$ cat run38.pdb   # PDB, C-alpha atoms and all ligand atoms
ATOM      1  CA  MET A  25      23.150  -1.840 -42.382  1.00  0.00           C
ATOM      2  CA  LEU A  26      25.128  -4.748 -41.139  1.00  0.00           C
ATOM      3  CA  THR A  27      24.362  -7.003 -44.032  1.00  0.00           C
ATOM      4  CA  LEU A  28      26.539  -8.071 -46.912  1.00  0.00           C
ATOM      5  CA  ASN A  29      25.019  -8.076 -50.352  1.00  0.00           C
ATOM      6  CA  LEU A  30      26.473 -11.300 -51.736  1.00  0.00           C
ATOM      7  CA  ALA A  31      25.893 -10.417 -55.382  1.00  0.00           C
ATOM      8  CA  ARG A  32      27.675  -7.128 -54.934  1.00  0.00           C
ATOM      9  CA  LEU A  33      30.518  -8.782 -53.050  1.00  0.00           C
ATOM     10  CA  GLU A  34      30.875 -11.253 -55.898  1.00  0.00           C
ATOM     11  CA  ARG A  35      31.002  -8.395 -58.389  1.00  0.00           C
ATOM     12  CA  GLU A  36      33.345  -6.083 -56.528  1.00  0.00           C
ATOM     13  CA  GLY A  37      35.595  -8.576 -54.753  1.00  0.00           C
ATOM     14  CA  THR A  38      35.693  -6.645 -51.489  1.00  0.00           C
ATOM     15  CA  LEU A  39      33.184  -4.604 -49.578  1.00  0.00           C
ATOM     16  CA  GLU A  40      33.688  -2.208 -46.701  1.00  0.00           C
ATOM     17  CA  ILE A  41      31.104  -2.037 -43.992  1.00  0.00           C
ATOM     18  CA  GLU A  42      30.923   0.850 -41.618  1.00  0.00           C
ATOM     19  CA  ALA A  43      27.953   0.826 -39.278  1.00  0.00           C
ATOM     20  CA  THR A  44      26.796   1.246 -35.732  1.00  0.00           C
ATOM     21  CA  ILE A  45      24.544  -0.967 -33.661  1.00  0.00           C
ATOM     22  CA  PRO A  46      22.468   1.081 -31.200  1.00  0.00           C
ATOM     23  CA  ALA A  47      23.006   0.480 -27.503  1.00  0.00           C
ATOM     24  CA  ASP A  48      19.335  -0.420 -27.113  1.00  0.00           C
ATOM     25  CA  ASP A  49      19.194  -2.708 -30.145  1.00  0.00           C
ATOM     26  CA  PRO A  50      17.157  -5.907 -29.570  1.00  0.00           C
ATOM     27  CA  LEU A  51      20.299  -7.774 -30.658  1.00  0.00           C
ATOM     28  CA  TRP A  52      21.724  -7.314 -27.159  1.00  0.00           C
ATOM     29  CA  GLU A  53      18.635  -8.594 -25.365  1.00  0.00           C
ATOM     30  CA  GLY A  54      19.440 -11.541 -23.165  1.00  0.00           C
ATOM     31  CA  SER A  55      23.143 -11.343 -23.987  1.00  0.00           C
ATOM     32  CA  GLY A  56      24.146  -9.748 -20.701  1.00  0.00           C
ATOM     33  CA  LEU A  57      25.953  -7.077 -22.705  1.00  0.00           C
ATOM     34  CA  ASN A  58      24.932  -3.635 -21.523  1.00  0.00           C
ATOM     35  CA  LEU A  59      26.248  -1.063 -23.976  1.00  0.00           C
ATOM     36  CA  ALA A  60      26.897   2.471 -22.792  1.00  0.00           C
ATOM     37  CA  GLU A  61      27.039   3.801 -26.351  1.00  0.00           C
ATOM     38  CA  PRO A  62      26.367   2.498 -29.869  1.00  0.00           C
ATOM     39  CA  LEU A  63      28.800  -0.140 -31.031  1.00  0.00           C
ATOM     40  CA  GLY A  64      30.879   1.015 -33.967  1.00  0.00           C
ATOM     41  CA  VAL A  65      31.609  -1.671 -36.532  1.00  0.00           C
ATOM     42  CA  HIS A  66      34.185  -1.466 -39.277  1.00  0.00           C
ATOM     43  CA  LEU A  67      34.608  -4.550 -41.407  1.00  0.00           C
ATOM     44  CA  ARG A  68      36.074  -5.434 -44.745  1.00  0.00           C
ATOM     45  CA  ALA A  69      34.627  -8.439 -46.496  1.00  0.00           C
ATOM     46  CA  HIS A  70      35.997 -10.552 -49.294  1.00  0.00           C
ATOM     47  CA  THR A  71      35.373 -13.937 -50.827  1.00  0.00           C
ATOM     48  CA  ALA A  72      37.877 -16.734 -50.388  1.00  0.00           C
ATOM     49  CA  GLY A  73      38.317 -20.360 -51.341  1.00  0.00           C
ATOM     50  CA  SER A  74      35.224 -22.124 -52.533  1.00  0.00           C
ATOM     51  CA  GLY A  75      32.273 -19.962 -51.681  1.00  0.00           C
ATOM     52  CA  GLU A  76      33.618 -18.634 -48.423  1.00  0.00           C
ATOM     53  CA  VAL A  77      32.937 -15.128 -47.260  1.00  0.00           C
ATOM     54  CA  VAL A  78      35.377 -13.587 -44.813  1.00  0.00           C
ATOM     55  CA  ALA A  79      34.737 -10.367 -42.937  1.00  0.00           C
ATOM     56  CA  THR A  80      37.483  -8.954 -40.752  1.00  0.00           C
ATOM     57  CA  GLY A  81      37.784  -5.718 -38.840  1.00  0.00           C
ATOM     58  CA  ARG A  82      37.124  -4.128 -35.491  1.00  0.00           C
ATOM     59  CA  VAL A  83      34.283  -3.224 -33.216  1.00  0.00           C
ATOM     60  CA  ARG A  84      34.501  -0.343 -30.778  1.00  0.00           C
ATOM     61  CA  GLY A  85      32.268   0.865 -28.012  1.00  0.00           C
ATOM     62  CA  ARG A  86      31.765   1.024 -24.282  1.00  0.00           C
ATOM     63  CA  LEU A  87      30.075  -1.310 -21.861  1.00  0.00           C
ATOM     64  CA  ALA A  88      28.236  -0.187 -18.761  1.00  0.00           C
ATOM     65  CA  ASN A  89      29.008  -2.733 -16.073  1.00  0.00           C
ATOM     66  CA  GLU A  90      28.872  -3.018 -12.343  1.00  0.00           C
ATOM     67  CA  CYS A  91      31.797  -3.885 -10.151  1.00  0.00           C
ATOM     68  CA  ARG A  92      31.111  -7.454  -9.147  1.00  0.00           C
ATOM     69  CA  ARG A  93      32.254  -6.782  -5.601  1.00  0.00           C
ATOM     70  CA  CYS A  94      30.746  -3.403  -4.711  1.00  0.00           C
ATOM     71  CA  LEU A  95      28.194  -2.967  -7.553  1.00  0.00           C
ATOM     72  CA  LYS A  96      29.528   0.479  -8.451  1.00  0.00           C
ATOM     73  CA  PRO A  97      28.962   1.363 -12.132  1.00  0.00           C
ATOM     74  CA  VAL A  98      32.106   0.753 -14.165  1.00  0.00           C
ATOM     75  CA  GLU A  99      32.490   1.502 -17.859  1.00  0.00           C
ATOM     76  CA  THR A 100      34.865  -0.591 -19.882  1.00  0.00           C
ATOM     77  CA  GLY A 101      36.001   0.013 -23.418  1.00  0.00           C
ATOM     78  CA  ILE A 102      35.498  -2.421 -26.276  1.00  0.00           C
ATOM     79  CA  ASP A 103      38.107  -2.395 -28.988  1.00  0.00           C
ATOM     80  CA  GLN A 104      38.075  -5.841 -30.415  1.00  0.00           C
ATOM     81  CA  GLU A 105      39.222  -7.549 -33.541  1.00  0.00           C
ATOM     82  CA  VAL A 106      36.509  -9.518 -35.287  1.00  0.00           C
ATOM     83  CA  VAL A 107      36.918 -12.281 -37.829  1.00  0.00           C
ATOM     84  CA  LEU A 108      33.776 -13.790 -39.304  1.00  0.00           C
ATOM     85  CA  VAL A 109      33.969 -16.656 -41.758  1.00  0.00           C
ATOM     86  CA  PHE A 110      30.915 -17.857 -43.633  1.00  0.00           C
ATOM     87  CA  SER A 111      30.643 -20.783 -45.974  1.00  0.00           C
ATOM     88  CA  ASP A 112      27.911 -22.273 -48.127  1.00  0.00           C
ATOM     89  CA  ALA A 113      29.551 -25.700 -48.070  1.00  0.00           C
ATOM     90  CA  GLY A 114      26.721 -27.842 -46.696  1.00  0.00           C
ATOM     91  CA  GLU A 115      27.714 -29.802 -43.584  1.00  0.00           C
ATOM     92  CA  MET A 116      28.998 -27.724 -40.734  1.00  0.00           C
ATOM     93  CA  GLU A 117      29.464 -28.289 -37.046  1.00  0.00           C
ATOM     94  CA  PRO A 118      27.026 -26.226 -35.067  1.00  0.00           C
ATOM     95  CA  GLY A 119      28.853 -23.668 -32.981  1.00  0.00           C
ATOM     96  CA  GLY A 120      31.987 -24.028 -35.079  1.00  0.00           C
ATOM     97  CA  GLU A 121      34.258 -21.249 -36.240  1.00  0.00           C
ATOM     98  CA  ILE A 122      32.686 -21.203 -39.669  1.00  0.00           C
ATOM     99  CA  ARG A 123      29.152 -19.968 -39.980  1.00  0.00           C
ATOM    100  CA  PRO A 124      26.774 -21.261 -42.616  1.00  0.00           C
ATOM    101  CA  ILE A 125      25.460 -19.017 -45.361  1.00  0.00           C
ATOM    102  CA  PRO A 126      21.734 -19.673 -45.373  1.00  0.00           C
ATOM    103  CA  GLU A 127      20.459 -21.016 -48.658  1.00  0.00           C
ATOM    104  CA  SER A 128      19.128 -18.566 -51.250  1.00  0.00           C
ATOM    105  CA  VAL A 129      19.977 -15.584 -49.055  1.00  0.00           C
ATOM    106  CA  MET A 130      20.981 -12.396 -50.861  1.00  0.00           C
ATOM    107  CA  GLU A 131      21.930 -10.333 -47.866  1.00  0.00           C
ATOM    108  CA  LEU A 132      24.173 -11.970 -45.315  1.00  0.00           C
ATOM    109  CA  ASP A 133      23.404 -10.718 -41.808  1.00  0.00           C
ATOM    110  CA  LEU A 134      26.558 -10.071 -39.782  1.00  0.00           C
ATOM    111  CA  ARG A 135      24.929  -8.904 -36.576  1.00  0.00           C
ATOM    112  CA  GLU A 136      24.541 -12.270 -34.871  1.00  0.00           C
ATOM    113  CA  GLY A 137      28.160 -13.107 -35.649  1.00  0.00           C
ATOM    114  CA  ILE A 138      29.335  -9.833 -34.145  1.00  0.00           C
ATOM    115  CA  ARG A 139      27.284 -10.445 -31.029  1.00  0.00           C
ATOM    116  CA  GLU A 140      28.787 -13.911 -30.610  1.00  0.00           C
ATOM    117  CA  GLU A 141      32.337 -12.665 -31.121  1.00  0.00           C
ATOM    118  CA  LEU A 142      31.798  -9.987 -28.497  1.00  0.00           C
ATOM    119  CA  LEU A 143      30.392 -12.461 -26.006  1.00  0.00           C
ATOM    120  CA  LEU A 144      33.449 -14.662 -26.424  1.00  0.00           C
ATOM    121  CA  ASP A 145      35.829 -11.867 -25.536  1.00  0.00           C
ATOM    122  CA  VAL A 146      34.041  -9.692 -23.034  1.00  0.00           C
ATOM    123  CA  ASP A 147      35.052 -10.364 -19.449  1.00  0.00           C
ATOM    124  CA  PRO A 148      31.866 -10.665 -17.390  1.00  0.00           C
ATOM    125  CA  PHE A 149      33.744 -10.096 -14.154  1.00  0.00           C
ATOM    126  CA  VAL A 150      34.460  -6.416 -13.856  1.00  0.00           C
ATOM    127  CA  GLU A 151      36.032  -4.791 -10.833  1.00  0.00           C
ATOM    128  CA  CYS A 152      36.125  -1.061 -10.121  1.00  0.00           C
ATOM    129  CA  ASP A 153      39.605  -1.571  -8.746  1.00  0.00           C
ATOM    130  CA  PRO A 154      41.733  -4.675  -8.164  1.00  0.00           C
ATOM    131  CA  GLU A 155      41.801  -3.623  -4.503  1.00  0.00           C
ATOM    132  CA  CYS A 156      38.047  -3.177  -4.214  1.00  0.00           C
ATOM    133  CA  LYS A 157      36.919  -4.286  -0.766  1.00  0.00           C
ATOM    134  CA  GLY A 158      33.340  -4.933  -1.801  1.00  0.00           C
ATOM    135  CA  LEU A 159      30.215  -4.714   0.290  1.00  0.00           C
ATOM    136  CA  CYS A 160      29.862  -5.966   3.807  1.00  0.00           C
ATOM    137  CA  PRO A 161      27.819  -9.179   3.439  1.00  0.00           C
ATOM    138  CA  ASN A 162      26.131  -8.417   6.731  1.00  0.00           C
ATOM    139  CA  CYS A 163      25.050  -4.764   6.544  1.00  0.00           C
ATOM    140  CA  GLY A 164      25.740  -3.911   2.900  1.00  0.00           C
ATOM    141  CA  VAL A 165      28.078  -1.007   3.617  1.00  0.00           C
ATOM    142  CA  ASN A 166      30.513  -0.259   0.825  1.00  0.00           C
ATOM    143  CA  ARG A 167      33.797  -1.056   2.502  1.00  0.00           C
ATOM    144  CA  ASN A 168      35.694   1.201   0.114  1.00  0.00           C
ATOM    145  CA  ASP A 169      33.933   4.302   1.437  1.00  0.00           C
ATOM    146  CA  ASP A 170      32.945   3.318   4.904  1.00  0.00           C
ATOM    147  CA  THR A 171      33.605   1.024   7.782  1.00  0.00           C
ATOM    148  CA  CYS A 172      30.950  -0.768   9.702  1.00  0.00           C
ATOM    149  CA  SER A 173      30.986  -2.347  13.115  1.00  0.00           C
ATOM    150  CA  CYS A 174      30.229  -5.829  11.826  1.00  0.00           C
ATOM    151  CA  THR A 175      32.812  -8.374  12.761  1.00  0.00           C
ATOM    152  CA  VAL A 176      33.831 -10.726  10.034  1.00  0.00           C
ATOM    153  CA  ASP A 177      32.381 -13.847  11.583  1.00  0.00           C
ATOM    154  CA  GLU A 178      29.165 -12.389  12.874  1.00  0.00           C
ATOM    155  CA  PRO A 179      26.348 -14.720  11.914  1.00  0.00           C
ATOM    156  CA  ASP A 180      23.488 -13.526   9.786  1.00  0.00           C
ATOM    157  CA  PRO A 181      20.806 -12.228  12.210  1.00  0.00           C
ATOM    158  CA  ARG A 182      18.184 -14.222  10.330  1.00  0.00           C
ATOM    159  CA  TRP A 183      19.727 -17.388  11.761  1.00  0.00           C
ATOM    160  CA  ASP A 184      19.182 -16.128  15.292  1.00  0.00           C
ATOM    161  CA  ALA A 185      15.444 -16.297  14.805  1.00  0.00           C
ATOM    162  CA  LEU A 186      15.724 -19.834  13.489  1.00  0.00           C
ATOM    163  CA  ARG A 187      17.909 -20.870  16.353  1.00  0.00           C
ATOM    164  CA  ALA A 188      15.462 -19.412  18.835  1.00  0.00           C
ATOM    165  CA  LEU A 189      12.661 -21.443  17.249  1.00  0.00           C
ATOM    166  CA  LYS A 190      14.668 -24.635  17.380  1.00  0.00           C
ATOM    167  CA  SER A 191      15.618 -24.322  21.029  1.00  0.00           C
ATOM    168  CA  GLU A 192      12.034 -23.783  22.130  1.00  0.00           C
TER     169      GLU A 192
HETATM  170 ZN    ZN A 201      34.176  -2.235  -6.528  1.00  0.00          ZN
HETATM  171 ZN    ZN A 202      28.825  -4.436   8.006  1.00  0.00          ZN
END

$ encode --input "run38.pdb" --output "structure tokens" --more "lines below"
Ligand SMILES: [Zn+2]
Ligand SMILES: [Zn+2]
Amino acid sequence: MLTLNLARLEREGTLEIEATIPADDPLWEGSGLNLAEPLGVHLRAHTAGSGEVVATGRVRGRLANECRRCLKPVETGIDQEVVLVFSDAGEMEPGGEIRPIPESVMELDLREGIREELLLDVDPFVECDPECKGLCPNCGVNRNDDTCSCTVDEPDPRWDALRALKSE
């Protein structure tokens, strides 16, 4: 489980967390992250300062993306350092670096924090190749594999119909 038992952390000083988040976990819903395999999480947590909980470590996995130019499936690796800091010290800026520890909670949930850290670092613009030529905007041919007879400046045929209407 990706929760920290705060009483146990208090008692033992540090806690190791080794877990995986399934690729189809509801946590990823609406995030735009499309995992190709479960995300491996390895964190070590300790307490610091006045009531702060710090969890540091790495997450590893693979993302299933599409090339933004030609839409070909592209898998990219995730191997990212994660630092999560929680504090129970009342006032906190929303969206700040330090996350609040909800009152009277015994198990601190780390999943949301991991999701947010991933979203900060994952590049949403993936290309199959820096030289990818993309799809022809006119006929949709993948210009990496094929050539089409469209000329670059050829207008969209849908406009022809409009133009014909207008000139009537
Ligand atoms: Zn491509
Ligand atoms: Zn074309």

$ closest_atom_pairs --input "run38.pdb" --of "chain A" --to "ligand ZN 202 (chain A)" --cutoff "10 Å" --atoms "all atoms listed in the file" --output "JSON lines"
{"residue": "A:Leu159", "atom": "CA", "partner": "A:ZN202", "partner_atom": "ZN", "distance": 7.8}
{"residue": "A:Cys160", "atom": "CA", "partner": "A:ZN202", "partner_atom": "ZN", "distance": 4.6}
{"residue": "A:Pro161", "atom": "CA", "partner": "A:ZN202", "partner_atom": "ZN", "distance": 6.7}
{"residue": "A:Asn162", "atom": "CA", "partner": "A:ZN202", "partner_atom": "ZN", "distance": 5.0}
{"residue": "A:Cys163", "atom": "CA", "partner": "A:ZN202", "partner_atom": "ZN", "distance": 4.1}
{"residue": "A:Gly164", "atom": "CA", "partner": "A:ZN202", "partner_atom": "ZN", "distance": 6.0}
{"residue": "A:Val165", "atom": "CA", "partner": "A:ZN202", "partner_atom": "ZN", "distance": 5.6}
{"residue": "A:Asn166", "atom": "CA", "partner": "A:ZN202", "partner_atom": "ZN", "distance": 8.5}
{"residue": "A:Arg167", "atom": "CA", "partner": "A:ZN202", "partner_atom": "ZN", "distance": 8.2}
{"residue": "A:Asp170", "atom": "CA", "partner": "A:ZN202", "partner_atom": "ZN", "distance": 9.3}
{"residue": "A:Thr171", "atom": "CA", "partner": "A:ZN202", "partner_atom": "ZN", "distance": 7.3}
{"residue": "A:Cys172", "atom": "CA", "partner": "A:ZN202", "partner_atom": "ZN", "distance": 4.6}
{"residue": "A:Ser173", "atom": "CA", "partner": "A:ZN202", "partner_atom": "ZN", "distance": 5.9}
{"residue": "A:Cys174", "atom": "CA", "partner": "A:ZN202", "partner_atom": "ZN", "distance": 4.3}
{"residue": "A:Thr175", "atom": "CA", "partner": "A:ZN202", "partner_atom": "ZN", "distance": 7.3}
{"residue": "A:Val176", "atom": "CA", "partner": "A:ZN202", "partner_atom": "ZN", "distance": 8.3}
{"residue": "A:Glu178", "atom": "CA", "partner": "A:ZN202", "partner_atom": "ZN", "distance": 9.3}

$ residues_around --input "run38.pdb" --residues "Leu39 in chain A" --least-positions-apart "2" --cutoff "8 Å" --atoms "only C-alpha atoms" --output "list in words"
Leu28, Leu33, Glu36, Gly37, Ile41, Arg68, Ala69 and His70 of chain A

$ closest_atom_pairs --input "run38.pdb" --of "chain A" --to "ligand ZN 201 (chain A)" --cutoff "6 Å" --atoms "all atoms listed in the file" --output "Markdown table"
| residue | atom | partner | partner_atom | distance |
| --- | --- | --- | --- | --- |
| A:Cys91 | CA | A:ZN201 | ZN | 4.6 |
| A:Arg93 | CA | A:ZN201 | ZN | 5.0 |
| A:Cys94 | CA | A:ZN201 | ZN | 4.1 |
| A:Lys96 | CA | A:ZN201 | ZN | 5.7 |
| A:Glu151 | CA | A:ZN201 | ZN | 5.3 |
| A:Cys152 | CA | A:ZN201 | ZN | 4.3 |
| A:Asp153 | CA | A:ZN201 | ZN | 5.9 |
| A:Cys156 | CA | A:ZN201 | ZN | 4.6 |
| A:Gly158 | CA | A:ZN201 | ZN | 5.5 |

$ write_last_selection --input "run38.pdb" --atoms "C-alpha atoms" --output "PDB file, keeping the file's coordinate frame"
ATOM      1  CA  CYS A  91      31.797  -3.885 -10.151  1.00  0.00           C
ATOM      2  CA  ARG A  93      32.254  -6.782  -5.601  1.00  0.00           C
ATOM      3  CA  CYS A  94      30.746  -3.403  -4.711  1.00  0.00           C
ATOM      4  CA  LYS A  96      29.528   0.479  -8.451  1.00  0.00           C
ATOM      5  CA  GLU A 151      36.032  -4.791 -10.833  1.00  0.00           C
ATOM      6  CA  CYS A 152      36.125  -1.061 -10.121  1.00  0.00           C
ATOM      7  CA  ASP A 153      39.605  -1.571  -8.746  1.00  0.00           C
ATOM      8  CA  CYS A 156      38.047  -3.177  -4.214  1.00  0.00           C
ATOM      9  CA  GLY A 158      33.340  -4.933  -1.801  1.00  0.00           C
TER      10      GLY A 158
END

$ closest_residue --input "run38.pdb" --among "A:Thr27, A:Asp147, A:Glu34, A:Leu142" --to "Arg92 in chain A" --atoms "only C-alpha atoms"
A:Asp147

$ residues_around --input "run38.pdb" --residues "Thr80 in chain A" --least-positions-apart "5" --cutoff "8 Å" --atoms "only C-alpha atoms" --output "list in words"
Leu67, Arg68, Ala69, Glu105, Val106, Val107 and Leu108 of chain A

$ build_atoms --input "run38.pdb" --residues "range 39-61 of chain A" --atoms "N, CA and C atoms" --output "mmCIF file, in the coordinates of the input"
data_model
loop_
_atom_site.group_PDB
_atom_site.id
_atom_site.type_symbol
_atom_site.label_atom_id
_atom_site.label_comp_id
_atom_site.auth_asym_id
_atom_site.auth_seq_id
_atom_site.Cartn_x
_atom_site.Cartn_y
_atom_site.Cartn_z
ATOM 1 N N LEU A 39 34.167 -5.605 -49.994
ATOM 2 C CA LEU A 39 33.184 -4.604 -49.578
ATOM 3 C C LEU A 39 33.572 -4.094 -48.197
ATOM 4 N N GLU A 40 33.448 -2.800 -48.021
ATOM 5 C CA GLU A 40 33.688 -2.208 -46.701
ATOM 6 C C GLU A 40 32.355 -1.974 -46.022
ATOM 7 N N ILE A 41 32.330 -2.279 -44.761
ATOM 8 C CA ILE A 41 31.104 -2.037 -43.992
ATOM 9 C C ILE A 41 31.441 -1.161 -42.808
ATOM 10 N N GLU A 42 30.734 -0.062 -42.740
ATOM 11 C CA GLU A 42 30.923 0.850 -41.618
ATOM 12 C C GLU A 42 29.522 1.097 -41.068
ATOM 13 N N ALA A 43 29.310 0.710 -39.820
ATOM 14 C CA ALA A 43 27.953 0.826 -39.278
ATOM 15 C C ALA A 43 28.009 0.916 -37.764
ATOM 16 N N THR A 44 26.898 1.279 -37.183
ATOM 17 C CA THR A 44 26.796 1.246 -35.732
ATOM 18 C C THR A 44 25.572 0.428 -35.345
ATOM 19 N N ILE A 45 25.687 -0.240 -34.217
ATOM 20 C CA ILE A 45 24.544 -0.967 -33.661
ATOM 21 C C ILE A 45 24.139 -0.201 -32.406
ATOM 22 N N PRO A 46 22.889 0.280 -32.357
ATOM 23 C CA PRO A 46 22.468 1.081 -31.200
ATOM 24 C C PRO A 46 22.613 0.320 -29.889
ATOM 25 N N ALA A 47 22.832 1.092 -28.828
ATOM 26 C CA ALA A 47 23.006 0.480 -27.503
ATOM 27 C C ALA A 47 21.744 -0.247 -27.049
ATOM 28 N N ASP A 48 20.589 0.215 -27.543
ATOM 29 C CA ASP A 48 19.335 -0.420 -27.113
ATOM 30 C C ASP A 48 18.779 -1.359 -28.185
ATOM 31 N N ASP A 49 19.641 -1.800 -29.087
ATOM 32 C CA ASP A 49 19.194 -2.708 -30.145
ATOM 33 C C ASP A 49 18.729 -4.044 -29.547
ATOM 34 N N PRO A 50 17.640 -4.608 -30.080
ATOM 35 C CA PRO A 50 17.157 -5.907 -29.570
ATOM 36 C C PRO A 50 18.216 -7.011 -29.681
ATOM 37 N N LEU A 51 19.221 -6.791 -30.520
ATOM 38 C CA LEU A 51 20.299 -7.774 -30.658
ATOM 39 C C LEU A 51 20.955 -8.097 -29.323
ATOM 40 N N TRP A 52 21.017 -7.118 -28.435
ATOM 41 C CA TRP A 52 21.724 -7.314 -27.159
ATOM 42 C C TRP A 52 20.845 -7.950 -26.102
ATOM 43 N N GLU A 53 19.546 -8.067 -26.376
ATOM 44 C CA GLU A 53 18.635 -8.594 -25.365
ATOM 45 C C GLU A 53 19.033 -10.007 -24.953
ATOM 46 N N GLY A 54 19.120 -10.215 -23.674
ATOM 47 C CA GLY A 54 19.440 -11.541 -23.165
ATOM 48 C C GLY A 54 20.907 -11.921 -23.285
ATOM 49 N N SER A 55 21.730 -11.009 -23.794
ATOM 50 C CA SER A 55 23.143 -11.343 -23.987
ATOM 51 C C SER A 55 23.950 -11.022 -22.737
ATOM 52 N N GLY A 56 23.385 -10.200 -21.855
ATOM 53 C CA GLY A 56 24.146 -9.748 -20.701
ATOM 54 C C GLY A 56 25.076 -8.602 -21.034
ATOM 55 N N LEU A 57 25.116 -8.211 -22.309
ATOM 56 C CA LEU A 57 25.953 -7.077 -22.705
ATOM 57 C C LEU A 57 25.123 -5.805 -22.545
ATOM 58 N N ASN A 58 25.652 -4.873 -21.775
ATOM 59 C CA ASN A 58 24.932 -3.635 -21.523
ATOM 60 C C ASN A 58 25.760 -2.484 -22.091
ATOM 61 N N LEU A 59 25.425 -2.069 -23.298
ATOM 62 C CA LEU A 59 26.248 -1.063 -23.976
ATOM 63 C C LEU A 59 25.960 0.344 -23.456
ATOM 64 N N ALA A 60 27.039 1.093 -23.262
ATOM 65 C CA ALA A 60 26.897 2.471 -22.792
ATOM 66 C C ALA A 60 26.783 3.429 -23.966
ATOM 67 N N GLU A 61 27.121 2.974 -25.143
ATOM 68 C CA GLU A 61 27.039 3.801 -26.351
ATOM 69 C C GLU A 61 26.896 2.862 -27.547
#
